[in-house]
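coords34.cif (mmCIF, C-alpha atoms) appears below.
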```
data_run
loop_
_atom_site.label_atom_id
_atom_site.label_comp_id
_atom_site.auth_asym_id
_atom_site.auth_seq_id
_atom_site.Cartn_x
_atom_site.Cartn_y
_atom_site.Cartn_z
CA MET A 24 44.92 -94.49 -4.49
CA GLN A 25 43.65 -98.05 -4.70
CA PRO A 26 42.97 -99.99 -1.45
CA ASN A 27 45.84 -102.45 -2.03
CA ASP A 28 48.42 -99.86 -3.10
CA ALA A 29 51.38 -99.44 -0.71
CA ALA A 30 53.06 -96.07 -0.26
CA GLU A 31 56.77 -95.40 0.25
CA ASP A 32 58.69 -92.13 0.52
CA ILE A 33 61.84 -93.32 -1.31
CA VAL A 34 62.01 -96.38 -3.56
CA ILE A 35 65.34 -97.57 -4.95
CA ALA A 36 65.16 -100.01 -7.86
CA GLY A 37 68.05 -102.48 -7.68
CA ALA A 38 70.13 -103.92 -4.83
CA GLY A 39 73.47 -103.72 -6.60
CA LEU A 40 76.38 -101.54 -5.55
CA ALA A 41 74.73 -98.22 -6.40
CA GLY A 42 71.38 -99.13 -4.87
CA LEU A 43 72.78 -100.44 -1.59
CA ALA A 44 75.27 -97.58 -1.33
CA ALA A 45 72.47 -95.04 -1.78
CA ALA A 46 70.24 -96.84 0.71
CA LEU A 47 73.02 -97.07 3.30
CA GLY A 48 74.01 -93.44 2.77
CA LEU A 49 70.41 -92.36 3.32
CA HIS A 50 70.18 -94.56 6.40
CA ARG A 51 73.30 -92.90 7.81
CA LYS A 52 71.51 -89.57 7.25
CA GLY A 53 68.44 -90.83 9.11
CA VAL A 54 66.32 -91.30 5.99
CA ARG A 55 64.45 -94.55 5.32
CA SER A 56 64.22 -96.10 1.86
CA LEU A 57 62.88 -99.30 0.31
CA VAL A 58 65.11 -101.22 -2.11
CA LEU A 59 63.40 -103.39 -4.72
CA GLU A 60 65.53 -106.26 -6.01
CA SER A 61 64.28 -108.39 -8.91
CA SER A 62 66.31 -111.45 -7.86
CA PRO A 63 65.34 -113.70 -4.92
CA THR A 64 68.73 -113.00 -3.24
CA LEU A 65 71.65 -110.62 -3.55
CA ARG A 66 73.34 -111.06 -6.93
CA ALA A 67 77.11 -111.51 -7.00
CA SER A 68 77.60 -112.18 -10.72
CA GLY A 69 81.03 -111.24 -12.00
CA PHE A 70 82.77 -112.64 -8.89
CA ALA A 71 84.90 -109.59 -8.10
CA PHE A 72 85.89 -106.15 -9.33
CA THR A 73 88.89 -103.86 -9.15
CA THR A 74 88.33 -101.37 -6.36
CA TRP A 75 90.41 -98.21 -6.63
CA THR A 76 91.13 -95.32 -4.28
CA ASN A 77 87.95 -93.45 -5.16
CA ALA A 78 85.81 -96.44 -4.24
CA PHE A 79 87.43 -96.76 -0.83
CA ARG A 80 86.80 -93.08 -0.18
CA ALA A 81 83.13 -93.78 -0.87
CA LEU A 82 83.17 -96.91 1.33
CA ASP A 83 84.79 -94.92 4.13
CA ALA A 84 82.00 -92.34 3.84
CA LEU A 85 79.50 -95.20 4.20
CA GLY A 86 81.35 -96.67 7.19
CA VAL A 87 82.38 -100.05 5.71
CA GLY A 88 85.82 -99.29 4.23
CA GLU A 89 87.91 -100.84 6.99
CA LYS A 90 85.92 -104.07 6.94
CA ILE A 91 86.54 -104.49 3.21
CA ARG A 92 90.24 -103.62 3.54
CA LYS A 93 90.75 -106.37 6.11
CA GLN A 94 89.28 -108.96 3.74
CA HIS A 95 91.35 -108.08 0.65
CA LEU A 96 94.98 -107.54 -0.32
CA GLN A 97 96.41 -104.18 -1.33
CA ALA A 98 97.93 -104.51 -4.81
CA GLN A 99 101.53 -103.30 -4.89
CA ALA A 100 102.12 -102.88 -8.61
CA LEU A 101 100.48 -102.83 -12.04
CA ARG A 102 102.44 -104.84 -14.59
CA VAL A 103 101.43 -104.47 -18.24
CA ILE A 104 102.67 -107.19 -20.62
CA ALA A 105 102.51 -107.12 -24.43
CA SER A 106 100.68 -110.33 -25.35
CA ALA A 107 102.41 -110.68 -28.71
CA THR A 108 105.97 -110.53 -27.32
CA GLY A 109 105.70 -111.37 -23.63
CA GLU A 110 107.67 -108.20 -22.80
CA THR A 111 106.77 -106.02 -19.84
CA VAL A 112 105.94 -102.63 -21.35
CA ARG A 113 105.08 -100.91 -18.09
CA GLU A 114 105.30 -101.56 -14.35
CA ALA A 115 103.71 -98.91 -12.15
CA ASP A 116 103.97 -98.61 -8.38
CA LEU A 117 100.41 -98.60 -7.06
CA THR A 118 101.42 -97.57 -3.55
CA ARG A 119 102.74 -94.10 -4.42
CA SER A 120 100.59 -91.14 -3.47
CA GLY A 121 98.33 -89.19 -5.78
CA LYS A 122 97.24 -85.60 -5.34
CA ARG A 123 94.77 -86.52 -2.59
CA GLY A 124 96.81 -89.15 -0.74
CA PRO A 125 98.05 -92.74 -1.12
CA ASN A 126 96.73 -94.81 -4.00
CA GLU A 127 94.71 -97.84 -3.06
CA ILE A 128 93.72 -100.79 -5.20
CA ARG A 129 92.23 -104.10 -4.15
CA CYS A 130 90.35 -106.80 -5.99
CA VAL A 131 87.15 -107.00 -3.94
CA ARG A 132 84.84 -109.98 -3.96
CA ARG A 133 81.44 -108.71 -4.99
CA ASP A 134 79.54 -110.99 -2.62
CA LEU A 135 81.51 -109.79 0.41
CA LEU A 136 80.96 -106.13 -0.46
CA LEU A 137 77.23 -106.55 -1.08
CA GLN A 138 76.91 -108.45 2.19
CA ALA A 139 78.82 -105.74 4.06
CA LEU A 140 76.47 -103.06 2.73
CA GLU A 141 73.35 -105.16 3.37
CA GLU A 142 74.34 -105.94 6.96
CA GLU A 143 74.43 -102.23 7.80
CA LEU A 144 70.86 -101.66 6.61
CA PRO A 145 67.80 -102.04 8.82
CA ARG A 146 65.97 -105.33 8.46
CA GLY A 147 63.31 -105.16 5.77
CA THR A 148 65.04 -102.47 3.70
CA ILE A 149 65.44 -104.84 0.74
CA ARG A 150 62.38 -106.43 -0.83
CA TYR A 151 63.45 -109.35 -3.02
CA SER A 152 61.72 -110.82 -6.09
CA SER A 153 60.34 -107.36 -6.82
CA LYS A 154 60.77 -106.02 -10.34
CA ILE A 155 59.31 -102.78 -11.69
CA VAL A 156 57.62 -103.33 -15.06
CA SER A 157 56.02 -99.93 -15.59
CA ILE A 158 55.99 -96.39 -14.18
CA GLU A 159 53.00 -94.07 -14.19
CA GLU A 160 52.38 -90.66 -12.63
CA ASP A 161 49.74 -89.31 -10.30
CA GLY A 162 50.76 -85.72 -9.72
CA ASP A 163 54.14 -85.80 -7.95
CA ILE A 164 53.69 -89.47 -7.02
CA LYS A 165 55.17 -92.25 -9.14
CA ILE A 166 52.99 -95.36 -9.43
CA LEU A 167 55.14 -98.46 -9.79
CA GLN A 168 53.61 -101.59 -11.22
CA LEU A 169 55.57 -104.68 -10.14
CA ALA A 170 55.89 -108.01 -11.95
CA ASP A 171 53.98 -109.82 -9.19
CA GLY A 172 50.95 -107.58 -9.75
CA SER A 173 51.45 -105.39 -6.68
CA VAL A 174 51.57 -101.60 -6.87
CA LEU A 175 53.76 -99.10 -5.02
CA ARG A 176 53.31 -95.35 -4.79
CA ALA A 177 56.65 -93.57 -4.42
CA LYS A 178 57.41 -89.98 -3.48
CA VAL A 179 60.97 -90.44 -4.83
CA LEU A 180 62.16 -93.05 -7.34
CA ILE A 181 65.86 -93.86 -7.77
CA GLY A 182 66.79 -96.18 -10.64
CA CYS A 183 69.78 -98.39 -9.85
CA ASP A 184 68.37 -101.18 -11.99
CA GLY A 185 71.31 -101.81 -14.26
CA ILE A 186 72.11 -101.45 -17.92
CA ASN A 187 68.56 -102.39 -19.01
CA SER A 188 67.06 -99.90 -16.57
CA VAL A 189 63.30 -99.34 -16.68
CA VAL A 190 63.83 -96.02 -14.90
CA ALA A 191 66.46 -94.82 -17.40
CA LYS A 192 64.08 -95.68 -20.23
CA TRP A 193 61.32 -93.68 -18.51
CA LEU A 194 63.70 -90.71 -18.21
CA GLY A 195 64.46 -90.96 -21.93
CA LEU A 196 68.17 -91.77 -21.65
CA ALA A 197 69.86 -93.08 -24.80
CA LYS A 198 69.88 -96.82 -25.22
CA PRO A 199 73.31 -98.39 -24.44
CA SER A 200 75.40 -99.21 -27.52
CA TYR A 201 77.28 -102.42 -28.24
CA SER A 202 81.04 -101.83 -28.23
CA GLY A 203 81.75 -104.74 -30.58
CA ARG A 204 83.58 -106.56 -27.76
CA SER A 205 82.70 -109.23 -25.23
CA ALA A 206 84.07 -110.28 -21.85
CA ALA A 207 84.53 -113.52 -19.94
CA ARG A 208 85.33 -113.63 -16.23
CA GLY A 209 86.50 -116.30 -13.82
CA PHE A 210 87.55 -116.94 -10.25
CA ALA A 211 90.16 -119.41 -9.04
CA HIS A 212 90.18 -120.65 -5.45
CA TYR A 213 93.31 -122.11 -3.80
CA PRO A 214 92.40 -123.50 -0.35
CA ASP A 215 96.07 -123.76 0.66
CA GLY A 216 97.09 -120.39 -0.80
CA HIS A 217 97.95 -119.37 -4.36
CA GLY A 218 101.45 -117.97 -3.74
CA PHE A 219 101.07 -115.09 -6.22
CA GLU A 220 102.43 -111.65 -5.45
CA PRO A 221 99.84 -108.90 -4.91
CA LYS A 222 100.30 -107.50 -8.41
CA PHE A 223 97.74 -106.53 -11.02
CA LEU A 224 98.83 -108.29 -14.24
CA GLN A 225 97.49 -107.06 -17.57
CA PHE A 226 98.04 -108.58 -21.00
CA VAL A 227 97.32 -106.21 -23.88
CA GLY A 228 97.27 -106.36 -27.67
CA ASP A 229 97.09 -109.30 -30.07
CA GLY A 230 93.33 -108.79 -30.35
CA PHE A 231 92.44 -109.20 -26.68
CA ARG A 232 92.85 -107.68 -23.25
CA ALA A 233 93.22 -109.87 -20.17
CA GLY A 234 94.18 -109.45 -16.55
CA MET A 235 94.30 -111.06 -13.12
CA LEU A 236 94.60 -109.89 -9.56
CA PRO A 237 94.57 -111.73 -6.20
CA CYS A 238 91.65 -110.82 -3.94
CA ASN A 239 93.29 -112.36 -0.87
CA GLN A 240 95.64 -115.25 -0.09
CA THR A 241 93.30 -117.89 -1.55
CA ASP A 242 91.31 -116.28 -4.38
CA ILE A 243 92.34 -114.87 -7.78
CA TYR A 244 90.00 -113.03 -10.14
CA TRP A 245 90.65 -112.82 -13.89
CA PHE A 246 88.99 -111.30 -16.94
CA PHE A 247 89.33 -111.61 -20.72
CA THR A 248 87.90 -109.22 -23.32
CA TRP A 249 87.98 -109.70 -27.08
CA THR A 250 86.25 -108.84 -30.34
CA PRO A 251 84.08 -111.82 -31.34
CA SER A 252 84.22 -113.24 -34.85
CA GLU A 253 82.42 -115.96 -36.77
CA HIS A 254 85.12 -118.42 -35.69
CA ASP A 255 84.06 -118.01 -32.05
CA LYS A 256 80.55 -119.41 -32.48
CA GLY A 257 79.66 -121.99 -29.85
CA ALA A 258 82.34 -120.89 -27.40
CA ASP A 259 79.72 -119.70 -24.92
CA GLU A 260 77.62 -122.88 -25.01
CA SER A 261 79.16 -124.15 -21.77
CA ALA A 262 81.65 -123.19 -19.09
CA ALA A 263 84.09 -125.82 -20.35
CA LYS A 264 83.99 -124.50 -23.93
CA MET A 265 84.40 -120.90 -22.82
CA LYS A 266 87.35 -121.75 -20.60
CA GLN A 267 89.00 -123.66 -23.44
CA PHE A 268 88.34 -120.77 -25.83
CA VAL A 269 90.10 -118.32 -23.49
CA LEU A 270 93.02 -120.70 -22.92
CA ASP A 271 93.46 -121.27 -26.66
CA LYS A 272 93.50 -117.52 -27.29
CA LEU A 273 96.09 -116.93 -24.58
CA ARG A 274 98.28 -119.88 -25.57
CA GLY A 275 98.54 -118.40 -29.02
CA SER A 276 100.32 -115.42 -27.43
CA LYS A 277 103.20 -115.01 -25.00
CA VAL A 278 101.19 -115.35 -21.79
CA PRO A 279 103.09 -117.02 -18.89
CA GLU A 280 102.19 -120.59 -17.96
CA GLU A 281 101.37 -119.63 -14.37
CA ALA A 282 98.68 -117.28 -15.65
CA LEU A 283 97.24 -120.02 -17.85
CA ALA A 284 97.17 -122.35 -14.83
CA VAL A 285 94.97 -119.90 -12.92
CA ILE A 286 92.40 -119.85 -15.71
CA ALA A 287 92.50 -123.62 -16.12
CA LYS A 288 91.73 -124.05 -12.40
CA SER A 289 88.93 -121.48 -12.20
CA GLU A 290 85.19 -121.59 -12.17
CA MET A 291 83.32 -119.54 -14.75
CA SER A 292 80.91 -116.70 -14.19
CA ASP A 293 77.22 -117.40 -14.55
CA VAL A 294 77.37 -115.14 -17.60
CA LEU A 295 79.88 -117.02 -19.71
CA ALA A 296 80.33 -114.30 -22.31
CA ALA A 297 78.81 -110.88 -21.82
CA PRO A 298 78.62 -108.30 -24.61
CA LEU A 299 80.25 -105.04 -23.50
CA ARG A 300 77.89 -102.10 -23.82
CA PHE A 301 78.16 -98.43 -22.98
CA ARG A 302 75.95 -95.37 -23.01
CA PRO A 303 77.17 -92.91 -25.69
CA PRO A 304 78.96 -90.31 -23.55
CA LEU A 305 77.84 -87.29 -25.57
CA SER A 306 74.21 -88.31 -25.00
CA LEU A 307 74.66 -87.63 -21.29
CA VAL A 308 75.71 -84.02 -21.83
CA THR A 309 72.09 -82.93 -22.16
CA ALA A 310 70.28 -86.04 -20.87
CA SER A 311 67.73 -85.94 -18.05
CA ILE A 312 69.71 -87.73 -15.36
CA SER A 313 67.02 -86.48 -13.00
CA LYS A 314 63.51 -85.32 -13.74
CA GLY A 315 61.34 -84.10 -10.91
CA ASN A 316 61.56 -86.71 -8.17
CA VAL A 317 63.20 -89.42 -10.32
CA CYS A 318 66.89 -90.08 -11.04
CA VAL A 319 69.29 -92.87 -11.97
CA ALA A 320 72.66 -94.11 -10.68
CA GLY A 321 75.21 -96.86 -11.33
CA ASP A 322 74.90 -98.80 -14.59
CA ALA A 323 71.44 -97.29 -15.09
CA LEU A 324 73.26 -93.96 -15.52
CA HIS A 325 76.72 -94.69 -16.92
CA PRO A 326 77.19 -98.22 -18.31
CA MET A 327 80.78 -98.39 -19.54
CA THR A 328 83.31 -100.90 -20.81
CA PRO A 329 85.45 -102.38 -17.99
CA ASP A 330 88.79 -101.04 -19.22
CA LEU A 331 89.22 -98.48 -16.42
CA GLY A 332 87.94 -100.79 -13.70
CA GLN A 333 85.62 -97.96 -12.67
CA GLY A 334 82.10 -99.33 -13.19
CA GLY A 335 81.62 -100.53 -9.62
CA CYS A 336 83.76 -97.73 -8.17
CA SER A 337 81.70 -95.00 -9.80
CA ALA A 338 78.48 -96.70 -8.65
CA LEU A 339 79.69 -96.32 -5.07
CA GLU A 340 80.50 -92.66 -5.76
CA ASP A 341 76.97 -92.19 -7.09
CA GLY A 342 75.49 -93.69 -3.94
CA VAL A 343 77.36 -91.33 -1.61
CA VAL A 344 76.67 -88.18 -3.65
CA LEU A 345 73.00 -89.08 -4.12
CA ALA A 346 72.49 -89.83 -0.42
CA ARG A 347 74.12 -86.55 0.53
CA CYS A 348 72.12 -84.41 -1.91
CA LEU A 349 68.77 -86.10 -1.24
CA GLY A 350 69.37 -86.49 2.50
CA ASP A 351 70.22 -82.81 2.88
CA ALA A 352 66.92 -81.97 1.16
CA LEU A 353 64.94 -84.01 3.68
CA VAL A 354 66.74 -83.87 7.01
CA GLY A 355 66.24 -81.07 9.53
CA LYS A 356 63.74 -79.11 7.46
CA ASP A 357 60.71 -77.43 9.01
CA ALA A 358 58.32 -78.05 6.13
CA LYS A 359 57.43 -81.73 5.84
CA GLY A 360 55.43 -82.83 2.84
CA GLY A 361 53.67 -80.61 0.34
CA SER A 362 55.10 -78.45 -2.40
CA ALA A 363 57.98 -77.08 -0.31
CA GLU A 364 59.40 -80.55 0.33
CA ASN A 365 58.86 -81.56 -3.28
CA LYS A 366 60.84 -78.54 -4.45
CA ARG A 367 63.71 -79.41 -2.09
CA ILE A 368 63.74 -83.01 -3.36
CA GLU A 369 63.82 -81.88 -6.97
CA ALA A 370 66.60 -79.40 -6.23
CA GLY A 371 68.60 -82.07 -4.40
CA LEU A 372 68.32 -84.48 -7.33
CA ARG A 373 69.30 -81.74 -9.79
CA GLU A 374 72.40 -81.07 -7.71
CA TYR A 375 73.24 -84.79 -7.76
CA ALA A 376 72.83 -84.82 -11.57
CA ARG A 377 75.05 -81.75 -11.91
CA ILE A 378 77.85 -83.37 -9.90
CA ARG A 379 77.69 -86.74 -11.63
CA ARG A 380 77.07 -85.70 -15.26
CA TRP A 381 80.62 -84.79 -16.35
CA ARG A 382 82.24 -87.44 -14.20
CA SER A 383 80.07 -90.02 -16.01
CA VAL A 384 80.88 -88.61 -19.46
CA GLU A 385 84.62 -88.66 -18.76
CA LEU A 386 84.61 -92.20 -17.34
CA ILE A 387 82.65 -93.71 -20.23
CA ALA A 388 84.74 -91.99 -22.92
CA THR A 389 88.07 -92.78 -21.26
CA ALA A 390 87.21 -96.43 -20.66
CA TYR A 391 86.17 -96.93 -24.29
CA THR A 392 89.33 -95.28 -25.61
CA ILE A 393 91.70 -97.21 -23.35
CA GLY A 394 89.98 -100.48 -24.24
CA PHE A 395 90.35 -99.84 -27.95
CA ILE A 396 94.06 -99.02 -27.62
CA GLN A 397 94.92 -101.88 -25.27
CA GLU A 398 93.10 -104.59 -27.19
CA SER A 399 94.12 -103.54 -30.70
CA ASN A 400 96.34 -105.78 -32.82
CA HIS A 401 96.77 -103.10 -35.48
CA ALA A 402 100.49 -102.77 -36.20
CA ILE A 403 100.73 -98.99 -35.77
CA VAL A 404 98.48 -98.83 -32.69
CA SER A 405 100.38 -101.73 -31.11
CA PHE A 406 103.74 -100.08 -31.74
CA LEU A 407 102.65 -96.75 -30.28
CA ARG A 408 100.97 -98.43 -27.30
CA ASP A 409 103.89 -100.67 -26.37
CA LYS A 410 106.65 -98.11 -27.00
CA PHE A 411 105.14 -94.78 -26.01
CA LEU A 412 101.62 -94.93 -24.59
CA SER A 413 101.83 -97.57 -21.86
CA GLY A 414 102.97 -95.07 -19.26
CA VAL A 415 100.31 -92.57 -20.34
CA LEU A 416 97.57 -95.19 -20.05
CA ALA A 417 98.76 -96.35 -16.62
CA GLY A 418 98.89 -92.75 -15.47
CA ARG A 419 95.35 -92.18 -16.75
CA LEU A 420 94.10 -95.16 -14.75
CA LEU A 421 95.56 -93.71 -11.56
CA LYS A 422 94.32 -90.20 -12.32
CA MET A 423 90.74 -91.34 -12.83
CA ALA A 424 90.92 -93.25 -9.54
CA ASP A 425 92.26 -90.25 -7.61
CA TYR A 426 88.79 -88.77 -7.19
CA ASP A 427 86.96 -87.82 -4.02
CA CYS A 428 83.17 -87.99 -3.99
CA GLY A 429 83.11 -86.34 -0.55
CA THR A 430 81.38 -87.47 2.62
CA LEU A 431 77.71 -87.70 3.51
CA SER A 432 77.77 -84.34 5.22
CA ASN A 433 79.71 -81.96 2.97
#
```
Final structure tokens representation of the file:
Amino acid sequence: MQPNDAAEDIVIAGAGLAGLAAALGLHRKGVRSLVLESSPTLRASGFAFTTWTNAFRALDALGVGEKIRKQHLQAQALRVIASATGETVREADLTRSGKRGPNEIRCVRRDLLLQALEEELPRGTIRYSSKIVSIEEDGDIKILQLADGSVLRAKVLIGCDGINSVVAKWLGLAKPSYSGRSAARGFAHYPDGHGFEPKFLQFVGDGFRAGMLPCNQTDIYWFFTWTPSEHDKGADESAAKMKQFVLDKLRGSKVPEEALAVIAKSEMSDVLAAPLRFRPPLSLVTASISKGNVCVAGDALHPMTPDLGQGGCSALEDGVVLARCLGDALVGKDAKGGSAENKRIEAGLREYARIRRWRSVELIATAYTIGFIQESNHAIVSFLRDKFLSGVLAGRLLKMADYDCGTLSN
């Protein structure tokens, strides 16, 4: 160990949803961790995300569910509209109960959720402007070289560092693949109230997939996914051009004027057009989600297309399961340090990987399939989707959300 090297028991790379959820879960278990965040502040790119029942079960386990509920509206219905015809092909009641209880869906502002998680952590848990650039080994210790030249020695390393994860690369996980689609996102603010019903509107087919959902009485989040072509070049050069590109696409279909007005009023995400990538689901069947005292969670584990609205939700699930498995390996044990503790840590991370492996495979594969069907403008696929499959797809959304990651103690 070099004189200037710092030592930490548990290092979490990334202060996104998975990283903060894992850190808070460990804190609730009485276990300290250090979170390294590459940005100078919390990142809230993407504005908001659809938060389903499974995510609120995870937030309840972390102790912040009620706070988030009070800040956001419960969606009452999912209305799916065929973009080519303007016809409603499916309207599902989002308040009916699933197998494990009432369904819950809210559009949660990312900044408010990250702040809620951060506020529950002890001061100094997050170290900003700290990016891991390389990982080396010294026995059971991981030596982390940071971009600022400093070095950390970690007993446990948890990679929550996103789709371009350094930790996932070290574990040998397959590189995420490009889906052939891109996404734009926006956020409209109405200081005096927007007047929209709390419904999740989706527009499918005609070569794109779009949707919007109120977060509260003043804010509406929307998204637009499409398959780029040579005719789209230059659309992402500025926020104004991207907004006009989306509006032109939607105006060429049967999208209601009130929906177009929301997009026209909105700001644009810092990432004007993001390519949609996913980790090949079959690669995770045998992948090393954990290896020794290292594992991954969130987008570092299961990057997926946004068509299920489960990317952020599953990251919260990861955080709870990981905190439970790792916390149980460390709390209340007689042997502290040494080979006995290392074996418990490795066993805890293997149990986490076992629980999350098939859930990740199913989410990635289902999201990709639903996105392909909903966005397609192929005549046969469109006919089957609008006439027969809309109910099946809506049911699949609810089924994937009716999942319970458990508490921190079970």
**Interatomic distance, atom CA of A:Thr76 to atom CA of A:Glu142 (Å, one decimal)** = 22.8 Å
**Item:** Two-atom distance - atom CA of A:Glu141, atom CA of A:Cys238 (Å)
**Value:**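 Taking atom CA of A:Glu141 as the start and atom CA of A:Cys238 as the end point, the length is 20.5 Å.
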**Message:** Which residues would end up in the selection if the PyMOL selection byres ((chain A and resi 364-377) around 12) were applied here, given that I need the answer as a ChimeraX atom specification?
**Reply:** /A:32-33,45,162-164,178-181,307-320,324-325,340-363,378-384,428
**Prompt:** If the PyMOL selection byres ((chain A and resi 70-73) around 9) is run on the structure shown, which residues does it catch, given as number ranges by chain?
**Reply:** A: 67-69, 74-75, 128-134, 208-210, 236, 238, 244-245, 292, 332-336
Hey, can you pull every residue with an atom no more than 10 Å from (62.3, -104.0, 5.4), using all atoms listed in the file, and send it as a PDB file with C-alpha atoms, in the frame of the given file?
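Contents of part.pdb, as written:
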```
ATOM      1  CA  ARG A  55      64.450 -94.550   5.320  1.00  0.00           C
ATOM      2  CA  SER A  56      64.220 -96.100   1.860  1.00  0.00           C
ATOM      3  CA  LEU A  57      62.880 -99.300   0.310  1.00  0.00           C
ATOM      4  CA  VAL A  58      65.110-101.220  -2.110  1.00  0.00           C
ATOM      5  CA  LEU A 144      70.860-101.660   6.610  1.00  0.00           C
ATOM      6  CA  PRO A 145      67.800-102.040   8.820  1.00  0.00           C
ATOM      7  CA  ARG A 146      65.970-105.330   8.460  1.00  0.00           C
ATOM      8  CA  GLY A 147      63.310-105.160   5.770  1.00  0.00           C
ATOM      9  CA  THR A 148      65.040-102.470   3.700  1.00  0.00           C
ATOM     10  CA  ILE A 149      65.440-104.840   0.740  1.00  0.00           C
ATOM     11  CA  ARG A 150      62.380-106.430  -0.830  1.00  0.00           C
TER      12      ARG A 150
END
```
**Request:** Please indicate the distance in Å from atom CA of A:Phe246 to atom CA of A:Gly42, rounded to one decimal place.
**Result:**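 Rounded to one decimal, the two atoms are 24.6 Å apart.
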**Prompt:** What do you get, as an NGL selection string, if you spell out every residue that the PyMOL selection byres ((chain A and resi 388-394) around 8) selects here?
**Reply:** :A and (232 or 304 or 327-331 or 384-387 or 395-398 or 416)
**Message:** When you count only C-alpha atoms, which of these residues is closest to A:Ser252: A:Val103, A:Ile158, A:Ala424, A:Ser205?
**Reply:**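 Of A:Val103, A:Ile158, A:Ala424, A:Ser205, the one nearest A:Ser252, counting only C-alpha atoms, is A:Ser205.
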If we draw a sphere of 7 Å around (53.5, -98.3, -9.0), which residues have at least one atom in it when counting only C-alpha atoms? Please report them as a tab-separated table (two decimals) with C-alpha atoms, in the coordinates of the input.
```
chain	number	residue	atom	x	y	z
A	158	ILE	CA	55.99	-96.39	-14.18
A	159	GLU	CA	53.00	-94.07	-14.19
A	165	LYS	CA	55.17	-92.25	-9.14
A	166	ILE	CA	52.99	-95.36	-9.43
A	167	LEU	CA	55.14	-98.46	-9.79
A	168	GLN	CA	53.61	-101.59	-11.22
A	169	LEU	CA	55.57	-104.68	-10.14
A	174	VAL	CA	51.57	-101.60	-6.87
A	175	LEU	CA	53.76	-99.10	-5.02
A	176	ARG	CA	53.31	-95.35	-4.79
```
**Prompt:** Could you name the residues that touch A:Ser61 at 9 Å or less, counting all atoms listed in the file, but leaving out those on the same chain fewer than 5 positions away, as a list in words?
**Reply:**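 Final neighbour list, sorted by chain and number: Ala36, Gly37, Ala38, Arg150, Tyr151, Ser152, Ser153, Lys154, Ile155, Ala170 and Asp184 of chain A.
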**Asked** Do you know which residues are at most 8 Å from A:Leu47 counting all atoms listed in the file, after dropping those on the same chain fewer than 6 positions away, and could you put them as a list in words?
**Response**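 My reading of the contact set: Leu85, Leu140, Glu143 and Leu144 of chain A.
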Using all atoms listed in the file, what does the table of stretch 104-223 of chain A residues within 10 Å of stretch 259-282 of chain A look like, with each row giving the shortest atom pair and its distance in Å to one decimal, sorted by chain and ascending number, as JSON lines?
```
{"residue": "A:Ile104", "atom": "CA", "partner": "A:Val278", "partner_atom": "CA", "distance": 8.4}
{"residue": "A:Ala105", "atom": "CA", "partner": "A:Lys277", "partner_atom": "CA", "distance": 7.9}
{"residue": "A:Ser106", "atom": "CA", "partner": "A:Lys277", "partner_atom": "CA", "distance": 5.3}
{"residue": "A:Ala107", "atom": "CA", "partner": "A:Ser276", "partner_atom": "CA", "distance": 5.3}
{"residue": "A:Thr108", "atom": "CA", "partner": "A:Lys277", "partner_atom": "CA", "distance": 5.8}
{"residue": "A:Gly109", "atom": "CA", "partner": "A:Lys277", "partner_atom": "CA", "distance": 4.6}
{"residue": "A:Glu110", "atom": "CA", "partner": "A:Lys277", "partner_atom": "CA", "distance": 8.4}
{"residue": "A:Ala207", "atom": "CA", "partner": "A:Met265", "partner_atom": "CA", "distance": 7.9}
{"residue": "A:Arg208", "atom": "CA", "partner": "A:Lys266", "partner_atom": "CA", "distance": 9.4}
{"residue": "A:Gly209", "atom": "CA", "partner": "A:Lys266", "partner_atom": "CA", "distance": 8.7}
{"residue": "A:Phe219", "atom": "CA", "partner": "A:Glu281", "partner_atom": "CA", "distance": 9.3}
```
**Asked** Near A:Leu82, within 9 Å and counting only C-alpha atoms, which residues show up once chain neighbours fewer than 6 positions away are dropped, as a PyMOL selection string?
**Response** chain A and resi 44+88-89+91+339-340+343
As JSON, please: the centre and edge lengths in Å, to one decimal, of an axis-aligned box enclosing every listed atom of stretch 337-341 of chain A with 8 Å added on each side.
```
{"center_x": 79.3, "center_y": -94.4, "center_z": -7.4, "size_x": 20.7, "size_y": 20.5, "size_z": 20.7}
```
**Asked** Using only C-alpha atoms, which of the listed residues (A:Pro298, A:Gly218, A:Gly228, A:Gly234) sits closest to A:Ser202?
**Response**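 The answer is A:Pro298, which sits nearest to A:Ser202.
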